[in-house]
$ cat data.cif   # mmCIF, C-alpha atoms and all ligand atoms
data_data
loop_
_atom_site.label_atom_id
_atom_site.label_comp_id
_atom_site.auth_asym_id
_atom_site.auth_seq_id
_atom_site.Cartn_x
_atom_site.Cartn_y
_atom_site.Cartn_z
CA MET A 1442 -27.34 81.40 -84.35
CA LEU A 1443 -30.07 81.01 -81.72
CA VAL A 1444 -31.50 77.50 -81.51
CA LEU A 1445 -34.65 76.51 -79.63
CA GLY A 1446 -34.25 72.89 -78.44
CA ILE A 1447 -37.23 70.71 -77.50
CA GLU A 1448 -36.96 67.40 -75.61
CA SER A 1449 -39.78 64.97 -74.75
CA THR A 1450 -38.46 61.43 -75.33
CA CYS A 1451 -39.40 60.00 -71.93
CA ASP A 1452 -40.47 61.64 -68.67
CA GLU A 1453 -38.89 65.09 -68.88
CA THR A 1454 -40.39 67.95 -70.87
CA ALA A 1455 -37.61 70.42 -71.65
CA ALA A 1456 -36.84 73.49 -73.72
CA SER A 1457 -33.59 75.45 -74.06
CA ILE A 1458 -32.20 78.34 -76.04
CA VAL A 1459 -28.59 77.74 -77.10
CA LYS A 1460 -26.34 80.09 -79.10
CA ASP A 1461 -23.97 78.68 -81.75
CA GLY A 1462 -24.10 75.12 -80.37
CA VAL A 1463 -22.42 75.84 -77.03
CA GLU A 1464 -23.68 78.87 -75.11
CA ILE A 1465 -26.74 78.05 -73.01
CA ILE A 1466 -28.95 81.15 -72.85
CA SER A 1467 -31.74 79.40 -70.92
CA GLN A 1468 -32.71 75.87 -69.90
CA VAL A 1469 -36.04 74.68 -68.49
CA VAL A 1470 -36.68 71.05 -67.49
CA THR A 1471 -39.86 69.76 -65.87
CA SER A 1472 -39.66 66.27 -64.49
CA GLN A 1473 -42.62 63.92 -64.17
CA ILE A 1474 -41.19 61.99 -61.21
CA ASP A 1475 -44.22 62.89 -59.06
CA LEU A 1476 -46.50 61.29 -61.66
CA HIS A 1477 -44.65 58.00 -62.10
CA GLU A 1478 -43.07 57.29 -58.72
CA VAL A 1479 -46.10 55.43 -57.34
CA TYR A 1480 -45.73 52.96 -60.24
CA GLY A 1481 -41.97 52.60 -59.78
CA GLY A 1482 -41.35 53.45 -63.46
CA VAL A 1483 -42.58 55.54 -66.38
CA VAL A 1484 -46.18 54.95 -67.54
CA PRO A 1485 -46.11 56.00 -71.24
CA GLU A 1486 -49.76 57.12 -71.51
CA LEU A 1487 -49.47 59.33 -68.41
CA ALA A 1488 -46.14 60.70 -69.63
CA CYS A 1489 -47.71 61.64 -72.96
CA ARG A 1490 -50.61 63.50 -71.34
CA ARG A 1491 -48.28 65.45 -69.03
CA HIS A 1492 -46.03 66.44 -71.98
CA MET A 1493 -49.12 67.82 -73.74
CA GLU A 1494 -50.06 69.91 -70.72
CA VAL A 1495 -46.66 71.43 -70.09
CA ILE A 1496 -44.81 71.65 -73.39
CA LEU A 1497 -46.02 75.12 -74.42
CA PRO A 1498 -45.55 76.65 -70.92
CA VAL A 1499 -42.04 75.13 -70.79
CA ILE A 1500 -41.11 76.64 -74.18
CA ARG A 1501 -42.60 80.00 -73.12
CA GLU A 1502 -40.57 79.92 -69.89
CA ALA A 1503 -37.33 79.16 -71.76
CA LEU A 1504 -37.97 82.16 -74.05
CA GLU A 1505 -38.82 84.44 -71.13
CA LEU A 1506 -35.79 83.36 -69.08
CA GLY A 1507 -33.50 83.93 -72.05
CA LYS A 1508 -35.24 87.22 -72.91
CA VAL A 1509 -35.60 85.93 -76.45
CA ALA A 1510 -38.65 86.53 -78.67
CA LEU A 1511 -39.91 83.62 -80.77
CA GLU A 1512 -39.15 85.64 -83.92
CA GLU A 1513 -35.47 85.86 -82.93
CA ILE A 1514 -35.03 82.08 -83.01
CA ASP A 1515 -33.03 80.98 -86.08
CA LEU A 1516 -33.56 77.22 -85.84
CA ILE A 1517 -35.76 74.71 -83.99
CA ALA A 1518 -34.20 71.38 -82.93
CA VAL A 1519 -36.26 68.50 -81.55
CA SER A 1520 -35.36 64.99 -80.41
CA TYR A 1521 -37.03 62.54 -82.77
CA GLY A 1522 -35.93 59.39 -80.88
CA PRO A 1523 -35.10 56.93 -79.52
CA GLY A 1524 -37.84 57.17 -76.94
CA LEU A 1525 -41.49 56.52 -76.14
CA ILE A 1526 -43.75 56.99 -79.13
CA GLY A 1527 -46.46 59.15 -77.49
CA PRO A 1528 -44.06 61.53 -75.72
CA LEU A 1529 -42.00 61.84 -78.93
CA PHE A 1530 -45.10 62.81 -80.93
CA VAL A 1531 -45.84 65.68 -78.55
CA GLY A 1532 -42.38 67.24 -78.95
CA ILE A 1533 -42.20 66.65 -82.70
CA GLN A 1534 -45.68 68.00 -83.48
CA THR A 1535 -45.06 71.06 -81.32
CA ALA A 1536 -41.74 71.70 -83.09
CA LYS A 1537 -43.33 71.23 -86.52
CA GLY A 1538 -46.19 73.59 -85.63
CA LEU A 1539 -43.76 76.29 -84.47
CA ALA A 1540 -41.53 75.85 -87.52
CA LEU A 1541 -44.52 76.19 -89.86
CA ALA A 1542 -46.10 79.13 -88.05
CA LEU A 1543 -42.82 81.05 -87.73
CA ASP A 1544 -41.38 79.93 -91.07
CA LYS A 1545 -38.17 78.74 -89.35
CA PRO A 1546 -36.01 75.72 -90.25
CA LEU A 1547 -36.35 72.55 -88.16
CA VAL A 1548 -33.89 69.70 -87.50
CA GLY A 1549 -34.42 66.31 -85.89
CA VAL A 1550 -31.79 65.25 -83.32
CA ASN A 1551 -30.89 61.78 -82.06
CA HIS A 1552 -31.36 61.81 -78.26
CA VAL A 1553 -28.57 59.30 -77.52
CA GLU A 1554 -26.04 61.16 -79.67
CA ALA A 1555 -27.11 64.35 -77.88
CA HIS A 1556 -26.26 62.74 -74.50
CA LEU A 1557 -22.67 62.42 -75.74
CA TYR A 1558 -22.68 65.94 -77.19
CA ALA A 1559 -23.68 67.20 -73.69
CA ALA A 1560 -20.16 66.52 -72.39
CA MET A 1561 -18.57 67.92 -75.55
CA MET A 1562 -20.50 71.18 -75.31
CA SER A 1563 -19.19 71.81 -71.78
CA SER A 1564 -15.57 71.07 -72.77
CA LEU A 1565 -13.20 74.01 -72.64
CA THR A 1566 -10.33 72.14 -74.31
CA PRO A 1567 -10.14 71.05 -77.98
CA LEU A 1568 -11.24 67.45 -78.53
CA HIS A 1569 -9.27 64.72 -80.25
CA PHE A 1570 -11.09 62.16 -82.35
CA PRO A 1571 -11.68 59.29 -82.52
CA ALA A 1572 -13.02 59.22 -78.97
CA LEU A 1573 -14.87 56.49 -77.10
CA GLY A 1574 -18.44 57.41 -76.16
CA ILE A 1575 -19.99 55.76 -73.12
CA VAL A 1576 -23.76 56.27 -72.82
CA LEU A 1577 -25.16 55.20 -69.45
CA SER A 1578 -28.77 56.31 -69.10
CA GLY A 1579 -32.15 55.03 -68.02
CA GLY A 1580 -33.01 53.83 -71.51
CA HIS A 1581 -29.63 53.20 -73.15
CA THR A 1582 -26.25 51.65 -72.48
CA ALA A 1583 -23.80 51.80 -75.35
CA LEU A 1584 -20.12 52.02 -76.25
CA VAL A 1585 -19.55 53.97 -79.45
CA LYS A 1586 -16.57 55.09 -81.47
CA ILE A 1587 -16.98 58.83 -82.06
CA GLU A 1588 -15.33 59.97 -85.28
CA SER A 1589 -16.76 63.50 -84.93
CA PRO A 1590 -19.73 65.07 -83.04
CA LEU A 1591 -21.92 63.86 -85.94
CA ASP A 1592 -20.38 60.47 -86.73
CA TYR A 1593 -20.85 57.54 -84.35
CA ARG A 1594 -20.21 53.78 -84.78
CA LEU A 1595 -21.56 51.18 -82.40
CA ILE A 1596 -19.03 49.01 -80.55
CA GLY A 1597 -21.33 47.43 -77.97
CA GLN A 1598 -24.71 47.86 -76.33
CA THR A 1599 -26.87 46.23 -73.72
CA ALA A 1600 -28.47 42.92 -74.58
CA ASP A 1601 -31.19 43.44 -71.96
CA ASP A 1602 -31.60 46.16 -69.30
CA ALA A 1603 -30.02 49.59 -69.65
CA LEU A 1604 -27.75 50.39 -66.70
CA GLY A 1605 -30.01 53.12 -65.28
CA GLU A 1606 -32.96 50.76 -65.63
CA ALA A 1607 -31.07 48.10 -63.63
CA PHE A 1608 -30.38 50.69 -60.89
CA ASP A 1609 -34.07 51.64 -60.87
CA LYS A 1610 -35.17 47.99 -60.63
CA VAL A 1611 -32.75 47.19 -57.80
CA ALA A 1612 -34.04 50.28 -55.98
CA LYS A 1613 -37.61 49.11 -56.49
CA MET A 1614 -36.77 45.68 -54.99
CA LEU A 1615 -35.44 47.50 -51.94
CA GLY A 1616 -38.58 49.64 -51.68
CA LEU A 1617 -36.67 52.82 -52.58
CA PRO A 1618 -38.31 55.71 -54.47
CA TYR A 1619 -38.11 56.24 -58.26
CA PRO A 1620 -35.74 57.09 -59.90
CA GLY A 1621 -33.61 54.69 -57.91
CA GLY A 1622 -30.09 55.43 -59.19
CA PRO A 1623 -29.28 58.24 -56.72
CA GLU A 1624 -30.91 56.23 -53.87
CA VAL A 1625 -28.76 53.18 -54.59
CA GLU A 1626 -25.68 55.40 -54.77
CA THR A 1627 -26.46 56.94 -51.37
CA LEU A 1628 -26.86 53.53 -49.71
CA ALA A 1629 -23.77 52.16 -51.48
CA LYS A 1630 -21.58 54.92 -50.02
CA LYS A 1631 -21.71 53.26 -46.58
CA GLY A 1632 -21.65 49.65 -47.82
CA ASN A 1633 -18.90 47.10 -48.34
CA ALA A 1634 -18.64 46.31 -52.07
CA ALA A 1635 -16.93 42.97 -51.33
CA SER A 1636 -19.94 41.65 -49.36
CA PHE A 1637 -21.53 39.90 -52.36
CA SER A 1638 -19.62 38.39 -55.29
CA PHE A 1639 -21.94 39.77 -57.98
CA LYS A 1640 -20.89 39.88 -61.64
CA ALA A 1641 -22.40 41.51 -64.73
CA GLY A 1642 -23.10 39.21 -67.68
CA GLN A 1643 -20.88 38.58 -70.72
CA CYS A 1644 -22.27 38.23 -74.25
CA LYS A 1645 -20.82 35.55 -76.50
CA ASP A 1646 -21.72 37.30 -79.76
CA ASN A 1647 -19.89 40.53 -78.88
CA PRO A 1648 -17.40 40.94 -75.98
CA PHE A 1649 -18.33 44.65 -75.82
CA ASN A 1650 -22.04 44.07 -75.28
CA PHE A 1651 -23.48 44.44 -71.78
CA SER A 1652 -25.95 42.34 -69.83
CA PHE A 1653 -27.33 43.47 -66.47
CA SER A 1654 -30.43 41.29 -66.10
CA GLY A 1655 -28.49 38.39 -64.47
CA LEU A 1656 -26.88 40.83 -62.04
CA LYS A 1657 -30.32 42.18 -61.16
CA THR A 1658 -31.63 38.64 -60.60
CA ALA A 1659 -28.63 37.88 -58.35
CA VAL A 1660 -29.64 40.89 -56.23
CA LEU A 1661 -33.20 39.55 -56.09
CA TYR A 1662 -32.00 36.11 -54.89
CA ALA A 1663 -29.80 37.71 -52.23
CA LEU A 1664 -32.84 39.65 -51.03
CA ARG A 1665 -35.04 36.55 -50.92
CA GLU A 1666 -32.59 34.78 -48.63
CA LYS A 1667 -32.97 37.49 -46.02
CA SER A 1668 -36.15 37.76 -43.98
CA ALA A 1669 -35.52 41.21 -42.45
CA LEU A 1670 -33.68 43.86 -44.46
CA ASP A 1671 -31.55 45.88 -42.06
CA LEU A 1672 -29.70 49.00 -43.18
CA PRO A 1673 -26.15 47.51 -43.31
CA PHE A 1674 -27.47 44.65 -45.47
CA LYS A 1675 -29.04 47.11 -47.93
CA GLN A 1676 -25.89 49.23 -47.98
CA ASN A 1677 -23.67 46.21 -48.70
CA LEU A 1678 -26.06 44.95 -51.37
CA CYS A 1679 -26.12 48.33 -53.16
CA ALA A 1680 -22.35 48.74 -52.92
CA SER A 1681 -21.75 45.23 -54.33
CA PHE A 1682 -24.28 45.69 -57.16
CA GLN A 1683 -22.86 49.06 -58.10
CA ARG A 1684 -19.26 47.85 -58.02
CA ALA A 1685 -20.07 44.81 -60.21
CA ALA A 1686 -21.82 46.97 -62.83
CA PHE A 1687 -19.15 49.69 -62.92
CA THR A 1688 -16.22 47.23 -63.01
CA ASP A 1689 -17.80 45.56 -66.03
CA ILE A 1690 -18.08 48.92 -67.81
CA LEU A 1691 -14.50 49.85 -66.89
CA HIS A 1692 -13.08 46.59 -68.30
CA LYS A 1693 -15.03 46.88 -71.56
CA VAL A 1694 -14.03 50.52 -71.96
CA GLU A 1695 -10.35 49.68 -71.39
CA LYS A 1696 -10.47 46.85 -73.94
CA ALA A 1697 -12.32 48.90 -76.57
CA ALA A 1698 -9.96 51.87 -76.11
CA GLU A 1699 -6.97 49.57 -76.63
CA LEU A 1700 -8.48 47.87 -79.68
CA TYR A 1701 -9.31 51.16 -81.41
CA GLY A 1702 -6.29 53.15 -80.18
CA ILE A 1703 -8.46 55.72 -78.37
CA SER A 1704 -7.31 57.98 -75.54
CA THR A 1705 -10.36 60.22 -75.03
CA LEU A 1706 -13.44 59.02 -73.14
CA ILE A 1707 -16.71 60.95 -73.45
CA PHE A 1708 -19.47 60.06 -70.98
CA GLY A 1709 -23.20 60.75 -71.25
CA GLY A 1710 -26.49 59.94 -69.51
CA GLY A 1711 -27.96 60.12 -66.01
CA VAL A 1712 -25.85 57.32 -64.46
CA THR A 1713 -22.70 59.39 -65.08
CA ASN A 1714 -23.81 61.50 -62.10
CA ASN A 1715 -22.72 58.64 -59.88
CA GLN A 1716 -19.61 59.69 -57.96
CA ALA A 1717 -18.39 56.10 -57.45
CA LEU A 1718 -18.36 55.63 -61.25
CA ARG A 1719 -16.38 58.84 -61.73
CA THR A 1720 -13.90 57.94 -58.97
CA LEU A 1721 -13.36 54.46 -60.42
CA PHE A 1722 -12.49 55.89 -63.85
CA GLU A 1723 -10.35 58.67 -62.39
CA GLU A 1724 -8.37 56.08 -60.39
CA LYS A 1725 -8.09 53.31 -62.98
CA CYS A 1726 -7.80 55.37 -66.17
CA PRO A 1727 -5.61 58.35 -65.19
CA HIS A 1728 -3.92 58.39 -68.61
CA PHE A 1729 -7.18 58.98 -70.52
CA HIS A 1730 -8.62 62.40 -71.32
CA LYS A 1731 -12.10 62.13 -69.77
CA LEU A 1732 -15.11 64.32 -70.47
CA TRP A 1733 -18.04 64.21 -68.06
CA PRO A 1734 -21.28 66.14 -68.53
CA SER A 1735 -22.20 68.67 -65.86
CA LYS A 1736 -25.08 67.55 -63.62
CA THR A 1737 -27.63 69.74 -65.45
CA LEU A 1738 -26.56 68.30 -68.80
CA SER A 1739 -26.26 64.64 -67.76
CA LEU A 1740 -29.97 64.09 -67.18
CA ASP A 1741 -32.47 64.63 -69.99
CA ASN A 1742 -32.44 68.26 -71.13
CA ALA A 1743 -33.00 70.30 -74.29
CA SER A 1744 -29.65 72.17 -74.29
CA MET A 1745 -27.91 69.08 -75.66
CA ILE A 1746 -30.63 68.84 -78.34
CA ALA A 1747 -30.27 72.49 -79.36
CA GLY A 1748 -26.46 72.21 -79.22
CA LEU A 1749 -26.22 69.16 -81.45
CA GLY A 1750 -29.05 70.50 -83.63
CA PHE A 1751 -26.83 73.45 -84.54
CA HIS A 1752 -24.17 71.07 -85.94
CA VAL A 1753 -26.75 68.90 -87.71
CA TYR A 1754 -28.09 72.01 -89.45
CA LEU A 1755 -24.63 73.25 -90.49
CA LYS A 1756 -23.77 69.85 -91.95
CA GLU A 1757 -27.05 68.63 -93.39
CA GLY A 1758 -29.35 71.65 -93.62
CA LYS A 1759 -32.93 71.59 -92.39
CA THR A 1760 -34.98 68.41 -92.04
CA GLU A 1761 -38.06 68.38 -94.29
CA LEU A 1762 -41.16 68.70 -92.07
CA MET A 1763 -42.96 65.84 -93.74
CA SER A 1764 -39.99 63.47 -93.45
CA LEU A 1765 -39.42 63.99 -89.71
CA GLU A 1766 -40.95 61.03 -87.88
CA ALA A 1767 -40.81 59.81 -84.28
CA LYS A 1768 -38.53 56.78 -83.92
CA THR A 1769 -38.71 54.52 -80.88
CA ARG A 1770 -35.39 52.93 -81.91
CA ILE A 1771 -32.51 54.37 -83.94
CA PRO A 1772 -29.70 51.84 -84.45
CA PHE A 1773 -26.14 53.19 -84.58
CA LYS A 1774 -24.03 52.45 -87.63
CA SER A 1775 -21.85 49.43 -86.93
CA CYS A 1776 -18.15 49.80 -86.15
CA VAL A 1777 -17.03 46.96 -88.45
O1 LIG A 1801 -30.16 60.10 -69.02
P1 LIG A 1801 -31.38 60.02 -68.18
O2 LIG A 1801 -31.94 61.30 -67.61
O3 LIG A 1801 -32.59 59.38 -68.92
C1 LIG A 1801 -32.61 58.60 -70.07
O4 LIG A 1801 -32.35 59.12 -71.18
O5 LIG A 1801 -32.91 57.41 -69.90
O6 LIG A 1801 -31.04 58.99 -67.03
C2 LIG A 1801 -31.94 58.64 -66.01
C3 LIG A 1801 -31.35 57.43 -65.32
C4 LIG A 1801 -32.29 56.80 -64.29
O7 LIG A 1801 -32.32 55.41 -64.52
C5 LIG A 1801 -31.61 57.13 -62.96
O8 LIG A 1801 -31.87 56.19 -61.94
C6 LIG A 1801 -30.15 57.14 -63.35
O9 LIG A 1801 -30.13 57.78 -64.62
N1 LIG A 1801 -29.32 57.90 -62.40
C7 LIG A 1801 -28.35 57.36 -61.65
C8 LIG A 1801 -27.83 58.39 -60.84
N2 LIG A 1801 -28.50 59.55 -61.15
C9 LIG A 1801 -29.42 59.23 -62.12
N3 LIG A 1801 -27.88 56.09 -61.57
C10 LIG A 1801 -26.89 55.84 -60.68
N4 LIG A 1801 -26.36 56.78 -59.87
C11 LIG A 1801 -26.79 58.06 -59.90
N5 LIG A 1801 -26.27 58.98 -59.10
ZN ZN A 1802 -31.80 60.50 -72.02
#
$ encode --input "data.cif" --output "structure tokens" --more "lines below"
Ligand code: KG4
Ligand code: ZN
Amino acid sequence: MLVLGIESTCDETAASIVKDGVEIISQVVTSQIDLHEVYGGVVPELACRRHMEVILPVIREALELGKVALEEIDLIAVSYGPGLIGPLFVGIQTAKGLALALDKPLVGVNHVEAHLYAAMMSSLTPLHFPALGIVLSGGHTALVKIESPLDYRLIGQTADDALGEAFDKVAKMLGLPYPGGPEVETLAKKGNAASFSFKAGQCKDNPFNFSFSGLKTAVLYALREKSALDLPFKQNLCASFQRAAFTDILHKVEKAAELYGISTLIFGGGVTNNQALRTLFEEKCPHFHKLWPSKTLSLDNASMIAGLGFHVYLKEGKTELMSLEAKTRIPFKSCV
């Protein structure tokens, strides 16, 4: 089954053709970094306009690269949220228009669930469920119990900033370009993580929830105390910030895995590109089966949307055109 995936939740416009949920025939992603970097973050109105300009050329390119004609597509899958309302509308209306014109079925896909499916679709070994899903992206930070690729229960989520967002804000404070995650990682490589005793926040209502806003403020205060920011200072600051955030995630993952008797960890989202994060988990959790997305599937892309869309269609059938709406938030089902 050939699935055309469409992704436009934030600042990437993407289209992919994926066969039977796993085989990527073509993948096209256009990033809007050039548009937003002067503002240090995504400007929704600008993002929406850029999606409108490029979405049809991006879909056309994915078809051409895959040597697939529109008529050969069996299913259209589009992310319907969570994300920015304007950008979501562009993807959804385009998908609906194509589905109507071509008389093809359409399914709506949850973008956050697709981030976790990204690692599953690159896995060559059979998966054992339940698994623990760890979503670390620019817009979302969540721990979920995965019963199957279509059944997720929330264990914990961020009470304030998403982890990628915290990286981007720290980078902005240091005058680094957007998106800041890779920049912070590069500086952190040469820094001493023990230089600052930073700690991520704890949430009284749920020990598995995350809080990174206090950590971000601690970085701001450390910066204010210094009149001139030399390179070693920045490197130490980034290394300490990064270590504090990742140690917090590690501890919560270990506790949740123990509580729910889970031995498989499935990672998703842009922050999982960070090598220090991967090394920390490889060193501290050698006994877990760990699934990491490849670099092309960790950042926003439409292959994960087409891949998961295939399973949604097999299980639930097509989504009625009139009932598919953009959703800025989609809460997970609770674990308890
Ligand atoms: O998953 P993603 O493409 O977008 C969302 O769905 O939000 O993730 C983008 C986020 C940005 O915040 C970016 O700074 C962060 O992932 N990121 C990283 C790294 N690469 C990307 N954060 C830390 N270290 C990295 N190497
Ligand atoms: Zn994403």
$ closest_atom_pairs --input "data.cif" --of "chain A" --to "ligand LIG 1801 (chain A)" --cutoff "6 Å" --atoms "only C-alpha atoms and all ligand atoms" --output "JSON lines"
{"residue": "A:Ser1578", "atom": "CA", "partner": "A:LIG1801", "partner_atom": "O1", "distance": 4.0}
{"residue": "A:Gly1579", "atom": "CA", "partner": "A:LIG1801", "partner_atom": "O5", "distance": 3.1}
{"residue": "A:Gly1580", "atom": "CA", "partner": "A:LIG1801", "partner_atom": "O5", "distance": 3.9}
{"residue": "A:Gly1605", "atom": "CA", "partner": "A:LIG1801", "partner_atom": "O7", "distance": 3.3}
{"residue": "A:Glu1606", "atom": "CA", "partner": "A:LIG1801", "partner_atom": "O7", "distance": 4.8}
{"residue": "A:Phe1608", "atom": "CA", "partner": "A:LIG1801", "partner_atom": "O8", "distance": 5.8}
{"residue": "A:Asp1609", "atom": "CA", "partner": "A:LIG1801", "partner_atom": "O8", "distance": 5.2}
{"residue": "A:Pro1620", "atom": "CA", "partner": "A:LIG1801", "partner_atom": "O8", "distance": 4.5}
{"residue": "A:Gly1621", "atom": "CA", "partner": "A:LIG1801", "partner_atom": "O8", "distance": 4.6}
{"residue": "A:Gly1622", "atom": "CA", "partner": "A:LIG1801", "partner_atom": "N3", "distance": 3.3}
{"residue": "A:Pro1623", "atom": "CA", "partner": "A:LIG1801", "partner_atom": "N5", "distance": 3.9}
{"residue": "A:Glu1626", "atom": "CA", "partner": "A:LIG1801", "partner_atom": "N4", "distance": 5.3}
{"residue": "A:Gly1710", "atom": "CA", "partner": "A:LIG1801", "partner_atom": "O1", "distance": 3.7}
{"residue": "A:Gly1711", "atom": "CA", "partner": "A:LIG1801", "partner_atom": "O6", "distance": 3.4}
{"residue": "A:Val1712", "atom": "CA", "partner": "A:LIG1801", "partner_atom": "N3", "distance": 3.7}
{"residue": "A:Asn1714", "atom": "CA", "partner": "A:LIG1801", "partner_atom": "N5", "distance": 4.6}
{"residue": "A:Asn1715", "atom": "CA", "partner": "A:LIG1801", "partner_atom": "N5", "distance": 3.7}
{"residue": "A:Leu1740", "atom": "CA", "partner": "A:LIG1801", "partner_atom": "O2", "distance": 3.4}
{"residue": "A:Asp1741", "atom": "CA", "partner": "A:LIG1801", "partner_atom": "O2", "distance": 4.1}
$ residues_near_ligand --input "data.cif" --ligand "ligand ZN 1802 (chain A)" --cutoff "10 Å" --atoms "all atoms listed in the file" --output "count of residues only"
28
$ closest_residue --input "data.cif" --among "A:Gly1532, A:Gly1616, A:Gly1462, A:Gly1527" --to "A:Ala1559" --atoms "all atoms listed in the file"
A:Gly1462
$ axis_aligned_box --input "data.cif" --around "stretch 1604-1620 of chain A" --padding-each-side "6 Å" --output "lines of an AutoDock Vina configuration file"
center_x = -33.2
center_y = 51.4
center_z = -59.2
size_x = 22.8
size_y = 23.4
size_z = 27.0
$ residues_around --input "data.cif" --residues "A:Ser1681" --least-positions-apart "3" --cutoff "10 Å" --atoms "all atoms listed in the file" --output "list in words"
Ala1629, Gly1632, Asn1633, Ala1634, Ala1635, Ser1636, Phe1637, Ser1638, Phe1639, Lys1640, Val1660, Lys1675, Gln1676, Asn1677, Leu1678, Arg1684, Ala1685 and Ala1686 of chain A
$ atom_distance --input "data.cif" --atom1 "atom CA of A:Glu1761" --atom2 "atom CA of A:Leu1511"
20.5 Å
$ closest_residue --input "data.cif" --among "A:Ser1564, A:Ile1517, A:Leu1664, A:Lys1586" --to "A:Gly1538" --atoms "all atoms listed in the file"
A:Ile1517
$ residues_near_point --input "data.cif" --point "(-31.3, 69.8, -75.9)" --cutoff "9 Å" --atoms "all atoms listed in the file" --output "list in words"
Leu1445, Gly1446, Ile1447, Glu1448, Ala1455, Ala1456, Ser1457, Ile1458, Val1459, Gln1468, Ala1518, Val1519, Ser1520, Val1550, His1552, Ala1555, His1556, Ala1559, Leu1738, Asp1741, Asn1742, Ala1743, Ser1744, Met1745, Ile1746, Ala1747, Gly1748, Leu1749 and Gly1750 of chain A
$ atom_distance --input "data.cif" --atom1 "atom CA of A:Leu1721" --atom2 "atom CA of A:Ser1589"
26.3 Å
$ closest_residue --input "data.cif" --among "A:Tyr1593, A:Tyr1480, A:Phe1651, A:Tyr1662" --to "A:Asp1689" --atoms "all atoms listed in the file"
A:Phe1651
$ residues_near_point --input "data.cif" --point "(-45.0, 50.4, -56.7)" --cutoff "12 Å" --atoms "all atoms listed in the file" --output "PyMOL selection string"
chain A and resi 1477-1484+1609-1610+1612-1620
$ closest_residue --input "data.cif" --among "A:Lys1759, A:Val1469, A:Lys1645, A:Phe1674" --to "A:Leu1504" --atoms "only C-alpha atoms"
A:Val1469
$ decode --input "data.cif" --residues "stretch 1609-1636 of chain A" --atoms "C-alpha atoms" --output "mmCIF file, in the first residue's frame"
data_model
loop_
_atom_site.group_PDB
_atom_site.id
_atom_site.type_symbol
_atom_site.label_atom_id
_atom_site.label_comp_id
_atom_site.auth_asym_id
_atom_site.auth_seq_id
_atom_site.Cartn_x
_atom_site.Cartn_y
_atom_site.Cartn_z
ATOM 1 C CA ASP A 1609 16.461 26.918 22.064
ATOM 2 C CA LYS A 1610 15.922 29.517 24.812
ATOM 3 C CA VAL A 1611 19.305 28.872 26.429
ATOM 4 C CA ALA A 1612 20.892 29.216 22.989
ATOM 5 C CA LYS A 1613 19.067 32.503 22.463
ATOM 6 C CA MET A 1614 20.393 33.842 25.804
ATOM 7 C CA LEU A 1615 23.893 33.019 24.584
ATOM 8 C CA GLY A 1616 23.286 34.761 21.254
ATOM 9 C CA LEU A 1617 23.432 31.470 19.325
ATOM 10 C CA PRO A 1618 21.413 30.898 16.136
ATOM 11 C CA TYR A 1619 18.007 29.159 15.991
ATOM 12 C CA PRO A 1620 17.372 26.245 16.396
ATOM 13 C CA GLY A 1621 19.703 26.241 19.366
ATOM 14 C CA GLY A 1622 19.797 22.560 20.361
ATOM 15 C CA PRO A 1623 22.671 21.529 18.059
ATOM 16 C CA GLU A 1624 24.567 24.763 18.943
ATOM 17 C CA VAL A 1625 24.303 24.075 22.676
ATOM 18 C CA GLU A 1626 25.423 20.491 22.090
ATOM 19 C CA THR A 1627 28.494 21.651 20.149
ATOM 20 C CA LEU A 1628 29.549 24.074 22.904
ATOM 21 C CA ALA A 1629 28.806 21.500 25.624
ATOM 22 C CA LYS A 1630 31.214 18.993 24.055
ATOM 23 C CA LYS A 1631 34.198 21.036 25.262
ATOM 24 C CA GLY A 1632 32.685 22.134 28.582
ATOM 25 C CA ASN A 1633 32.862 20.801 32.128
ATOM 26 C CA ALA A 1634 29.385 19.625 33.179
ATOM 27 C CA ALA A 1635 30.305 19.938 36.874
ATOM 28 C CA SER A 1636 30.976 23.696 36.588
#
